[in-house]
$ cat coords-v5.cif   # mmCIF, C-alpha atoms and all ligand atoms
data_final
loop_
_atom_site.group_PDB
_atom_site.id
_atom_site.type_symbol
_atom_site.label_atom_id
_atom_site.label_comp_id
_atom_site.auth_asym_id
_atom_site.auth_seq_id
_atom_site.Cartn_x
_atom_site.Cartn_y
_atom_site.Cartn_z
ATOM 1 C CA MET F 1 103.156 85.196 108.339
ATOM 2 C CA SER F 2 102.772 87.092 105.034
ATOM 3 C CA THR F 3 104.287 90.561 104.770
ATOM 4 C CA GLY F 4 101.977 93.288 105.970
ATOM 5 C CA THR F 5 101.382 96.475 104.010
ATOM 6 C CA ILE F 6 100.182 100.010 104.447
ATOM 7 C CA ILE F 7 97.216 99.930 102.091
ATOM 8 C CA SER F 8 96.377 103.601 102.500
ATOM 9 C CA GLY F 9 97.282 106.765 104.313
ATOM 10 C CA VAL F 10 94.815 109.524 105.108
ATOM 11 C CA LEU F 11 95.120 113.079 106.320
ATOM 12 C CA ALA F 12 92.106 112.791 108.620
ATOM 13 C CA PRO F 13 91.363 116.038 110.486
ATOM 14 C CA HIS F 14 89.506 115.811 113.784
ATOM 15 C CA PRO F 15 87.494 118.998 114.456
ATOM 16 C CA PRO F 16 84.738 117.772 116.797
ATOM 17 C CA HIS F 17 82.380 119.990 114.784
ATOM 18 C CA LEU F 18 82.318 117.348 112.039
ATOM 19 C CA VAL F 19 81.144 114.585 114.368
ATOM 20 C CA TYR F 20 78.602 117.000 115.855
ATOM 21 C CA ALA F 21 77.281 117.907 112.388
ATOM 22 C CA GLU F 22 77.047 114.213 111.433
ATOM 23 C CA ASN F 23 74.638 113.702 114.350
ATOM 24 C CA ALA F 24 76.570 110.600 115.322
ATOM 25 C CA PRO F 25 74.380 108.489 117.629
ATOM 26 C CA GLN F 26 77.298 108.186 120.095
ATOM 27 C CA ASN F 27 77.492 111.981 120.434
ATOM 28 C CA GLU F 28 75.077 113.682 122.814
ATOM 29 C CA PRO F 29 74.810 117.189 121.251
ATOM 30 C CA LYS F 30 72.760 117.369 118.052
ATOM 31 C CA ALA F 31 73.192 119.726 115.061
ATOM 32 C CA GLU F 32 71.076 120.953 112.168
ATOM 33 C CA CYS F 33 73.826 120.620 109.539
ATOM 34 C CA GLY F 34 77.242 122.173 108.816
ATOM 35 C CA TRP F 35 80.753 121.743 107.289
ATOM 36 C CA GLU F 36 79.360 119.636 104.407
ATOM 37 C CA THR F 37 82.368 119.891 102.081
ATOM 38 C CA LEU F 38 84.516 118.180 104.700
ATOM 39 C CA ARG F 39 81.899 115.677 105.792
ATOM 40 C CA TRP F 40 81.084 114.673 102.224
ATOM 41 C CA GLY F 41 84.822 114.478 101.516
ATOM 42 C CA TYR F 42 85.123 112.021 104.406
ATOM 43 C CA GLU F 43 82.235 110.035 102.911
ATOM 44 C CA ARG F 44 84.101 109.600 99.614
ATOM 45 C CA CYS F 45 87.383 108.779 101.309
ATOM 46 C CA ARG F 46 85.695 106.284 103.648
ATOM 47 C CA LYS F 47 84.225 104.394 100.682
ATOM 48 C CA ASN F 48 87.664 103.970 99.078
ATOM 49 C CA VAL F 49 89.418 103.012 102.294
ATOM 50 C CA LEU F 50 86.828 100.515 103.534
ATOM 51 C CA ALA F 51 86.627 98.874 100.087
ATOM 52 C CA LYS F 52 90.288 97.907 100.552
ATOM 53 C CA LYS F 53 89.355 95.921 103.687
ATOM 54 C CA PRO F 54 91.922 97.162 106.193
ATOM 55 C CA ASP F 55 92.655 94.966 109.237
ATOM 56 C CA VAL F 56 93.537 97.959 111.392
ATOM 57 C CA PHE F 57 93.606 101.760 111.595
ATOM 58 C CA ILE F 58 96.748 103.309 113.071
ATOM 59 C CA VAL F 59 96.089 106.847 114.260
ATOM 60 C CA HIS F 60 98.523 109.551 115.396
ATOM 61 C CA SER F 61 96.664 112.231 117.362
ATOM 62 C CA PRO F 62 97.766 115.746 118.412
ATOM 63 C CA HIS F 63 95.338 115.751 121.329
ATOM 64 C CA TRP F 64 96.966 112.856 123.114
ATOM 65 C CA LYS F 65 99.993 114.856 124.157
ATOM 66 C CA THR F 66 102.907 113.148 125.869
ATOM 67 C CA VAL F 67 106.057 114.989 126.873
ATOM 68 C CA VAL F 68 108.338 112.058 127.687
ATOM 69 C CA GLY F 69 108.363 109.572 124.820
ATOM 70 C CA HIS F 70 105.810 108.294 122.315
ATOM 71 C CA HIS F 71 102.991 106.361 123.961
ATOM 72 C CA VAL F 72 101.045 103.546 122.336
ATOM 73 C CA LEU F 73 97.529 102.448 123.408
ATOM 74 C CA GLY F 74 98.275 99.195 125.196
ATOM 75 C CA ILE F 75 94.936 97.861 126.450
ATOM 76 C CA PRO F 76 92.721 95.446 124.495
ATOM 77 C CA ARG F 77 89.544 97.514 124.731
ATOM 78 C CA CYS F 78 88.700 101.183 125.309
ATOM 79 C CA ASP F 79 85.292 102.246 126.595
ATOM 80 C CA GLY F 80 84.356 105.647 127.952
ATOM 81 C CA LEU F 81 83.095 109.162 127.399
ATOM 82 C CA SER F 82 85.306 111.591 125.467
ATOM 83 C CA VAL F 83 84.569 115.278 126.037
ATOM 84 C CA ASP F 84 86.264 118.071 124.099
ATOM 85 C CA PRO F 85 87.700 120.447 126.717
ATOM 86 C CA ILE F 86 87.165 123.512 124.480
ATOM 87 C CA PHE F 87 83.885 122.462 122.849
ATOM 88 C CA PRO F 88 81.972 120.411 125.455
ATOM 89 C CA ASN F 89 78.835 121.891 123.853
ATOM 90 C CA LEU F 90 79.636 119.986 120.638
ATOM 91 C CA PHE F 91 81.416 116.796 121.638
ATOM 92 C CA ARG F 92 80.398 114.411 124.411
ATOM 93 C CA TYR F 93 80.976 111.070 122.728
ATOM 94 C CA LYS F 94 80.450 107.564 124.160
ATOM 95 C CA TYR F 95 83.118 105.384 122.589
ATOM 96 C CA GLY F 96 83.865 101.691 122.638
ATOM 97 C CA PHE F 97 86.462 100.003 120.420
ATOM 98 C CA ASP F 98 89.015 97.205 120.248
ATOM 99 C CA VAL F 99 92.756 97.757 120.059
ATOM 100 C CA ASP F 100 95.004 95.568 117.888
ATOM 101 C CA LEU F 101 97.214 94.768 120.839
ATOM 102 C CA GLU F 102 99.497 92.396 118.935
ATOM 103 C CA LEU F 103 100.397 95.118 116.434
ATOM 104 C CA ALA F 104 100.657 97.708 119.237
ATOM 105 C CA GLU F 105 103.175 95.487 121.070
ATOM 106 C CA CYS F 106 105.070 94.913 117.820
ATOM 107 C CA LEU F 107 105.288 98.688 117.275
ATOM 108 C CA TYR F 108 106.410 99.231 120.864
ATOM 109 C CA ASP F 109 109.146 96.575 120.545
ATOM 110 C CA GLY F 110 110.300 98.053 117.229
ATOM 111 C CA LEU F 111 110.494 101.563 118.644
ATOM 112 C CA LYS F 112 112.491 100.361 121.631
ATOM 113 C CA ALA F 113 114.839 98.389 119.387
ATOM 114 C CA ALA F 114 115.381 101.535 117.288
ATOM 115 C CA GLY F 115 116.356 103.460 120.430
ATOM 116 C CA ILE F 116 113.236 105.643 120.345
ATOM 117 C CA LEU F 117 111.837 106.594 123.763
ATOM 118 C CA THR F 118 108.454 104.863 124.065
ATOM 119 C CA LYS F 119 105.909 103.647 126.588
ATOM 120 C CA MET F 120 102.873 101.355 126.439
ATOM 121 C CA MET F 121 99.792 103.003 127.937
ATOM 122 C CA ARG F 122 98.409 100.184 130.095
ATOM 123 C CA ASN F 123 95.981 102.124 132.308
ATOM 124 C CA PRO F 124 92.580 100.403 131.865
ATOM 125 C CA GLY F 125 90.743 103.600 132.897
ATOM 126 C CA PHE F 126 92.521 105.800 130.329
ATOM 127 C CA ARG F 127 90.255 108.365 128.627
ATOM 128 C CA VAL F 128 90.871 108.480 124.888
ATOM 129 C CA ASP F 129 91.349 111.970 123.401
ATOM 130 C CA TYR F 130 88.885 113.546 120.982
ATOM 131 C CA GLY F 131 91.428 113.674 118.137
ATOM 132 C CA THR F 132 91.707 109.889 118.048
ATOM 133 C CA ILE F 133 87.943 109.434 118.421
ATOM 134 C CA ALA F 134 86.869 112.020 115.829
ATOM 135 C CA SER F 135 89.231 110.839 113.053
ATOM 136 C CA CYS F 136 88.420 107.168 113.654
ATOM 137 C CA HIS F 137 84.680 107.864 113.754
ATOM 138 C CA LEU F 138 84.741 109.859 110.535
ATOM 139 C CA ILE F 139 86.695 107.213 108.608
ATOM 140 C CA ASN F 140 84.769 104.234 110.031
ATOM 141 C CA PRO F 141 81.620 105.139 111.999
ATOM 142 C CA GLU F 142 80.898 101.428 112.534
ATOM 143 C CA TRP F 143 84.050 100.996 114.647
ATOM 144 C CA ASN F 144 84.214 97.359 113.482
ATOM 145 C CA ILE F 145 87.956 97.434 112.729
ATOM 146 C CA PRO F 146 90.525 97.622 115.571
ATOM 147 C CA ILE F 147 92.721 100.629 116.262
ATOM 148 C CA VAL F 148 96.327 101.276 117.206
ATOM 149 C CA GLY F 149 96.684 104.692 118.854
ATOM 150 C CA ILE F 150 99.921 106.683 119.011
ATOM 151 C CA SER F 151 100.361 109.813 121.119
ATOM 152 C CA SER F 152 101.868 113.071 119.944
ATOM 153 C CA ASN F 153 105.248 113.407 121.607
ATOM 154 C CA ALA F 154 106.140 116.791 120.193
ATOM 155 C CA SER F 155 108.928 117.517 122.692
ATOM 156 C CA HIS F 156 111.564 117.430 119.941
ATOM 157 C CA TYR F 157 109.841 120.394 118.289
ATOM 158 C CA TYR F 158 110.799 122.482 121.343
ATOM 159 C CA PHE F 159 114.341 122.381 119.973
ATOM 160 C CA SER F 160 113.356 123.163 116.368
ATOM 161 C CA ASN F 161 110.813 122.153 113.740
ATOM 162 C CA GLU F 162 113.561 120.355 111.834
ATOM 163 C CA VAL F 163 114.597 118.254 114.842
ATOM 164 C CA GLY F 164 110.934 117.500 115.594
ATOM 165 C CA ASP F 165 110.427 116.265 112.043
ATOM 166 C CA GLU F 166 113.518 114.014 112.278
ATOM 167 C CA GLU F 167 111.960 112.249 115.249
ATOM 168 C CA MET F 168 108.646 111.808 113.408
ATOM 169 C CA ILE F 169 110.459 110.389 110.373
ATOM 170 C CA ALA F 170 111.998 107.753 112.651
ATOM 171 C CA LEU F 171 108.551 107.045 114.165
ATOM 172 C CA GLY F 172 107.079 106.644 110.662
ATOM 173 C CA GLU F 173 109.804 104.197 109.600
ATOM 174 C CA ALA F 174 109.288 102.140 112.758
ATOM 175 C CA THR F 175 105.526 102.106 112.107
ATOM 176 C CA ARG F 176 106.033 100.794 108.567
ATOM 177 C CA ASN F 177 108.404 98.075 109.833
ATOM 178 C CA ALA F 178 105.888 97.026 112.498
ATOM 179 C CA VAL F 179 103.071 96.782 109.925
ATOM 180 C CA GLU F 180 105.258 94.675 107.618
ATOM 181 C CA LYS F 181 106.217 92.335 110.474
ATOM 182 C CA SER F 182 102.638 92.000 111.677
ATOM 183 C CA GLY F 183 101.178 90.831 108.346
ATOM 184 C CA ARG F 184 98.388 93.405 108.685
ATOM 185 C CA ARG F 185 96.732 95.488 105.970
ATOM 186 C CA ALA F 186 96.883 98.840 107.715
ATOM 187 C CA CYS F 187 95.359 102.210 107.015
ATOM 188 C CA LEU F 188 97.218 105.111 108.660
ATOM 189 C CA LEU F 189 95.402 108.235 109.875
ATOM 190 C CA ALA F 190 97.242 111.517 110.443
ATOM 191 C CA SER F 191 94.696 113.263 112.651
ATOM 192 C CA CYS F 192 95.388 116.945 112.086
ATOM 193 C CA SER F 193 94.318 120.231 110.573
ATOM 194 C CA LEU F 194 96.524 122.217 108.163
ATOM 195 C CA SER F 195 96.659 125.978 108.933
ATOM 196 C CA HIS F 196 95.570 126.408 112.505
ATOM 197 C CA ARG F 197 94.754 129.991 113.350
ATOM 198 C CA HIS F 198 91.243 130.053 114.714
ATOM 199 C CA PHE F 199 88.652 132.486 115.964
ATOM 200 C CA THR F 200 88.426 132.850 119.726
ATOM 201 C CA VAL F 201 84.679 133.513 119.822
ATOM 202 C CA GLU F 202 82.155 130.928 118.675
ATOM 203 C CA SER F 203 79.081 132.064 116.760
ATOM 204 C CA ALA F 204 75.725 131.780 118.546
ATOM 205 C CA ILE F 205 74.764 128.834 116.324
ATOM 206 C CA PRO F 206 77.965 126.804 115.842
ATOM 207 C CA GLU F 207 76.751 125.351 112.517
ATOM 208 C CA ASP F 208 75.826 128.764 111.086
ATOM 209 C CA MET F 209 77.918 128.528 107.920
ATOM 210 C CA SER F 210 77.463 132.228 107.138
ATOM 211 C CA GLN F 211 80.053 132.770 109.921
ATOM 212 C CA GLU F 212 82.561 130.153 108.755
ATOM 213 C CA HIS F 213 85.624 131.127 106.723
ATOM 214 C CA ILE F 214 89.378 130.774 106.742
ATOM 215 C CA TYR F 215 91.160 132.960 109.306
ATOM 216 C CA HIS F 216 92.998 135.005 106.679
ATOM 217 C CA HIS F 217 94.259 134.822 103.109
ATOM 218 C CA GLY F 218 97.857 133.994 104.083
ATOM 219 C CA GLN F 219 96.611 130.847 105.835
ATOM 220 C CA TYR F 220 94.608 129.892 102.757
ATOM 221 C CA LEU F 221 97.615 130.400 100.480
ATOM 222 C CA TRP F 222 99.688 128.071 102.656
ATOM 223 C CA ASP F 223 96.957 125.407 102.654
ATOM 224 C CA MET F 224 96.696 125.600 98.860
ATOM 225 C CA ARG F 225 100.476 125.332 98.530
ATOM 226 C CA VAL F 226 100.527 122.198 100.691
ATOM 227 C CA LEU F 227 97.540 120.589 98.936
ATOM 228 C CA GLY F 228 99.061 121.439 95.552
ATOM 229 C CA LEU F 229 102.259 119.570 96.472
ATOM 230 C CA MET F 230 100.232 116.578 97.664
ATOM 231 C CA ARG F 231 98.173 116.484 94.461
ATOM 232 C CA GLU F 232 101.327 116.678 92.345
ATOM 233 C CA GLY F 233 103.038 113.862 94.241
ATOM 234 C CA LYS F 234 105.758 116.171 95.535
ATOM 235 C CA CYS F 235 105.892 115.042 99.145
ATOM 236 C CA ALA F 236 109.686 115.350 99.443
ATOM 237 C CA GLN F 237 109.206 119.051 98.671
ATOM 238 C CA LEU F 238 106.342 119.193 101.174
ATOM 239 C CA MET F 239 108.606 117.704 103.865
ATOM 240 C CA ALA F 240 111.266 120.304 103.038
ATOM 241 C CA GLU F 241 108.722 123.102 103.445
ATOM 242 C CA MET F 242 107.035 121.688 106.574
ATOM 243 C CA PRO F 243 109.103 123.732 109.085
ATOM 244 C CA ASP F 244 108.096 126.986 107.332
ATOM 245 C CA PHE F 245 104.465 125.848 107.076
ATOM 246 C CA VAL F 246 104.423 125.205 110.823
ATOM 247 C CA GLU F 247 106.036 128.544 111.580
ATOM 248 C CA GLN F 248 103.996 130.735 109.259
ATOM 249 C CA ALA F 249 100.578 129.039 109.338
ATOM 250 C CA ASN F 250 100.748 127.865 112.940
ATOM 251 C CA SER F 251 99.992 124.477 111.420
ATOM 252 C CA GLU F 252 98.762 121.628 113.590
ATOM 253 C CA THR F 253 101.261 119.471 111.673
ATOM 254 C CA LYS F 254 103.627 120.751 114.374
ATOM 255 C CA GLU F 255 102.395 117.784 116.400
ATOM 256 C CA GLY F 256 104.169 115.499 113.923
ATOM 257 C CA CYS F 257 101.180 113.621 112.455
ATOM 258 C CA LEU F 258 101.719 114.489 108.814
ATOM 259 C CA THR F 259 105.494 113.985 108.875
ATOM 260 C CA TRP F 260 104.924 110.581 110.545
ATOM 261 C CA LEU F 261 102.457 109.654 107.774
ATOM 262 C CA MET F 262 104.714 110.842 104.940
ATOM 263 C CA SER F 263 107.626 108.875 106.359
ATOM 264 C CA ALA F 264 105.575 105.699 106.914
ATOM 265 C CA LEU F 265 104.364 105.899 103.292
ATOM 266 C CA GLY F 266 107.969 106.216 102.076
ATOM 267 C CA VAL F 267 107.514 109.907 101.104
ATOM 268 C CA PRO F 268 105.015 109.529 98.236
ATOM 269 C CA ASP F 269 106.034 110.647 94.755
ATOM 270 C CA TYR F 270 102.573 109.847 93.343
ATOM 271 C CA PRO F 271 99.493 112.080 93.484
ATOM 272 C CA ALA F 272 97.205 112.091 96.486
ATOM 273 C CA GLU F 273 93.462 112.529 96.176
ATOM 274 C CA VAL F 274 92.031 115.558 97.951
ATOM 275 C CA HIS F 275 88.465 114.595 98.880
ATOM 276 C CA GLY F 276 87.548 117.859 100.548
ATOM 277 C CA TYR F 277 88.850 121.135 101.986
ATOM 278 C CA GLY F 278 87.119 123.516 104.357
ATOM 279 C CA SER F 279 87.547 125.719 107.392
ATOM 280 C CA VAL F 280 86.400 124.996 110.934
ATOM 281 C CA ILE F 281 86.335 128.058 113.215
ATOM 282 C CA GLY F 282 88.870 129.510 110.797
ATOM 283 C CA THR F 283 91.344 126.581 110.680
ATOM 284 C CA GLY F 284 92.168 124.893 107.341
ATOM 285 C CA ASN F 285 91.247 121.214 107.059
ATOM 286 C CA ALA F 286 91.522 118.695 104.239
ATOM 287 C CA VAL F 287 90.648 115.039 103.816
ATOM 288 C CA VAL F 288 93.433 113.584 101.657
ATOM 289 C CA GLU F 289 94.055 109.978 100.618
ATOM 290 C CA TRP F 290 97.236 108.257 99.467
ATOM 291 C CA ASP F 291 96.740 104.889 97.781
ATOM 292 C CA PRO F 292 100.143 103.195 97.414
ATOM 293 C CA GLU F 293 98.691 100.024 95.855
ATOM 294 C CA ASN F 294 96.932 101.962 93.107
ATOM 295 C CA ALA F 295 100.074 104.062 92.545
ATOM 296 C CA LYS F 296 102.112 100.878 92.032
ATOM 297 C CA ALA F 297 99.518 99.363 89.697
ATOM 298 C CA THR F 298 99.390 102.459 87.484
ATOM 299 C CA ALA F 299 103.157 103.179 87.494
HETATM 300 O O1 LIG X 1 91.168 120.323 117.527
HETATM 301 C C1 LIG X 1 90.579 121.110 116.819
HETATM 302 C C2 LIG X 1 91.181 121.490 115.575
HETATM 303 N N1 LIG X 1 92.261 121.020 115.311
HETATM 304 C C3 LIG X 1 90.586 122.403 114.655
HETATM 305 C C4 LIG X 1 89.433 123.075 114.701
HETATM 306 C C5 LIG X 1 88.483 123.063 115.703
HETATM 307 C C6 LIG X 1 88.521 122.375 116.859
HETATM 308 O O2 LIG X 1 89.410 121.511 117.287
HETATM 309 FE FE FE2 X 2 93.150 119.806 116.888
#
$ encode --input "coords-v5.cif" --output "structure tokens"
Amino acid sequence: MSTGTIISGVLAPHPPHLVYAENAPQNEPKAECGWETLRWGYERCRKNVLAKKPDVFIVHSPHWKTVVGHHVLGIPRCDGLSVDPIFPNLFRYKYGFDVDLELAECLYDGLKAAGILTKMMRNPGFRVDYGTIASCHLINPEWNIPIVGISSNASHYYFSNEVGDEEMIALGEATRNAVEKSGRRACLLASCSLSHRHFTVESAIPEDMSQEHIYHHGQYLWDMRVLGLMREGKCAQLMAEMPDFVEQANSETKEGCLTWLMSALGVPDYPAEVHGYGSVIGTGNAVVEWDPENAKATA
């Protein structure tokens, strides 16, 4: 089998508002509009990613929370209804997709061999979380490419942000090894927001953009700092600052998604493309793409 590669990595935030505003046919609630800078950013990113013909999307989601070990979706097909527990008025989504079970098993075996606590999720009635669904929908609304899903086992962050990140670095390395072994062309999705302070009251019309803005300036400054480092190709510096970002901006990266992605990509030292930035109920979100093949070709 030829050596597999990670053909792209995407920071792919999952606010259900974006799927709602897209008026996805699978989603029951319907919107007038909303959050265009992010949705149009996804459109641009999607074009690039799909043009590279990935065999699989590997997604790490903060809303599939596991306390004991990392869990990997381990059933060949997932069908069901995903409802956001906080925003059931915006997200009631009928999903159906295939899992790349061979790659999932390969990842599971690799994690075990590396001494990382892991479990295959083999419950056929398992309900897939909205983080996985929203990111995967927004990057490929056709759902015609299989998925590998990884839970967020953030228990190591209870000890400290630094220890949590160490675990996610190991998870990222194991993911890269599994992709290489599998022969797949994989696109990785880190399903998370950046700064994560949010309003506690929803406006009467959720898509009323006159009510939407970042929670406060300090959160915005942190988001701009992080995006600046990504655009400059300074991801080692970003990793060094991640614990402070988590602490001071209450970042959703605390669930490990972004550290996992950085590690799997080998800590990029080439510029990322920021396709869009915007707030959703006050949280900071960006669609960001790393293209390792293009970086190599232009080096
Ligand atoms: O899960 C989320 C999120 N991370 C950010 C904003 C709004 C809703 O849900
Ligand atoms: Fe979230």
$ residues_around --input "coords-v5.cif" --residues "range 119-124 of chain F" --least-positions-apart "6" --cutoff "7 Å" --atoms "all atoms listed in the file" --output "PyMOL selection string"
chain F and resi 69-75+108
$ closest_atom_pairs --input "coords-v5.cif" --of "chain F" --to "ligand LIG 1 (chain X)" --cutoff "10 Å" --atoms "all atoms listed in the file" --output "Markdown table"
| residue | atom | partner | partner_atom | distance |
| --- | --- | --- | --- | --- |
| F:Pro13 | CA | X:LIG1 | N1 | 7.0 |
| F:His14 | CA | X:LIG1 | N1 | 6.1 |
| F:Pro15 | CA | X:LIG1 | O2 | 4.2 |
| F:Pro16 | CA | X:LIG1 | C6 | 6.0 |
| F:His17 | CA | X:LIG1 | C5 | 6.9 |
| F:Leu18 | CA | X:LIG1 | C5 | 9.2 |
| F:Ser61 | CA | X:LIG1 | O1 | 9.8 |
| F:Pro62 | CA | X:LIG1 | O1 | 8.1 |
| F:His63 | CA | X:LIG1 | O1 | 7.3 |
| F:Asp84 | CA | X:LIG1 | O2 | 8.3 |
| F:Pro85 | CA | X:LIG1 | O2 | 9.6 |
| F:Ile86 | CA | X:LIG1 | O2 | 7.8 |
| F:Phe87 | CA | X:LIG1 | C6 | 7.6 |
| F:Leu90 | CA | X:LIG1 | C6 | 9.9 |
| F:Tyr130 | CA | X:LIG1 | O1 | 7.9 |
| F:Gly131 | CA | X:LIG1 | O1 | 6.7 |
| F:Ala134 | CA | X:LIG1 | O1 | 9.5 |
| F:Ser191 | CA | X:LIG1 | N1 | 8.6 |
| F:Cys192 | CA | X:LIG1 | N1 | 6.1 |
| F:Ser193 | CA | X:LIG1 | N1 | 5.2 |
| F:Leu194 | CA | X:LIG1 | N1 | 8.4 |
| F:Ser195 | CA | X:LIG1 | C3 | 9.1 |
| F:His196 | CA | X:LIG1 | C3 | 6.7 |
| F:Arg197 | CA | X:LIG1 | C3 | 8.8 |
| F:His198 | CA | X:LIG1 | C4 | 7.2 |
| F:Phe199 | CA | X:LIG1 | C5 | 9.4 |
| F:Ser251 | CA | X:LIG1 | N1 | 9.3 |
| F:Glu252 | CA | X:LIG1 | N1 | 6.8 |
| F:Thr253 | CA | X:LIG1 | N1 | 9.8 |
| F:Ser279 | CA | X:LIG1 | C4 | 8.0 |
| F:Val280 | CA | X:LIG1 | C4 | 5.2 |
| F:Ile281 | CA | X:LIG1 | C5 | 6.0 |
| F:Gly282 | CA | X:LIG1 | C4 | 7.5 |
| F:Thr283 | CA | X:LIG1 | C4 | 5.7 |
| F:Gly284 | CA | X:LIG1 | C3 | 7.9 |
| F:Asn285 | CA | X:LIG1 | C3 | 7.7 |
$ resolve_selection --input "coords-v5.cif" --expression "the PyMOL selection byres (((chain F and resi 161) around 12) and not hetatm)" --output "VMD selection string"
chain F and resid 154 to 160 162 to 168 239 to 248 250 to 251 253 to 256 259
$ residues_around --input "coords-v5.cif" --residues "range 25-39 of chain F" --least-positions-apart "5" --cutoff "7 Å" --atoms "all atoms listed in the file" --output "PyMOL selection string"
chain F and resi 18+20+89-95+207+209+276-278+287
$ closest_residue --input "coords-v5.cif" --among "F:Arg231, F:Arg127, F:Arg184, F:Lys53" --to "Asp100 in chain F" --atoms "all atoms listed in the file"
F:Arg184
$ residues_around --input "coords-v5.cif" --residues "Leu111 in chain F" --least-positions-apart "3" --cutoff "10 Å" --atoms "only C-alpha atoms" --output "list of chain:residue names"
F:His70, F:Glu105, F:Cys106, F:Leu107, F:Tyr108, F:Ala114, F:Gly115, F:Ile116, F:Leu117, F:Thr118, F:Lys119, F:Ala170, F:Leu171, F:Glu173, F:Ala174, F:Thr175, F:Asn177, F:Ala178
$ atom_distance --input "coords-v5.cif" --atom1 "CA of Phe97 in chain F" --atom2 "CA of Leu265 in chain F"
25.5 Å
$ closest_residue --input "coords-v5.cif" --among "F:Glu202, F:Asp129, F:Glu289, F:Asp269" --to "ligand FE2 2 (chain X)" --atoms "only C-alpha atoms and all ligand atoms"
F:Asp129
$ atom_distance --input "coords-v5.cif" --atom1 "CA of Glu212 in chain F" --atom2 "CA of Pro88 in chain F"
19.3 Å
$ build_atoms --input "coords-v5.cif" --residues "range 122-134 of chain F" --atoms "N, CA and C atoms" --output "compact mmCIF listing (two decimals), keeping the file's coordinate frame"
# COMPACT_ATOMS: atom_id res chain seq x y z
N ARG F 122 99.11 101.39 129.63
CA ARG F 122 98.41 100.18 130.10
C ARG F 122 97.37 100.49 131.18
N ASN F 123 96.98 101.75 131.31
CA ASN F 123 95.98 102.12 132.31
C ASN F 123 94.58 101.79 131.78
N PRO F 124 93.88 100.83 132.41
CA PRO F 124 92.58 100.40 131.86
C PRO F 124 91.51 101.51 131.94
N GLY F 125 91.74 102.52 132.78
CA GLY F 125 90.74 103.60 132.90
C GLY F 125 91.09 104.81 132.04
N PHE F 126 92.05 104.66 131.15
CA PHE F 126 92.52 105.80 130.33
C PHE F 126 91.39 106.37 129.48
N ARG F 127 91.28 107.73 129.46
CA ARG F 127 90.26 108.36 128.63
C ARG F 127 90.86 108.79 127.29
N VAL F 128 90.31 108.25 126.22
CA VAL F 128 90.87 108.48 124.89
C VAL F 128 90.53 109.89 124.42
N ASP F 129 91.50 110.57 123.83
CA ASP F 129 91.35 111.97 123.40
C ASP F 129 90.40 112.11 122.22
N TYR F 130 89.88 113.34 122.04
CA TYR F 130 88.88 113.55 120.98
C TYR F 130 89.49 113.52 119.58
N GLY F 131 90.79 113.74 119.46
CA GLY F 131 91.43 113.67 118.14
C GLY F 131 91.38 112.25 117.59
N THR F 132 91.76 111.30 118.43
CA THR F 132 91.71 109.89 118.05
C THR F 132 90.27 109.50 117.71
N ILE F 133 89.34 109.87 118.60
CA ILE F 133 87.94 109.43 118.42
C ILE F 133 87.34 110.04 117.15
N ALA F 134 87.54 111.36 116.96
CA ALA F 134 86.87 112.02 115.83
C ALA F 134 87.39 111.46 114.50
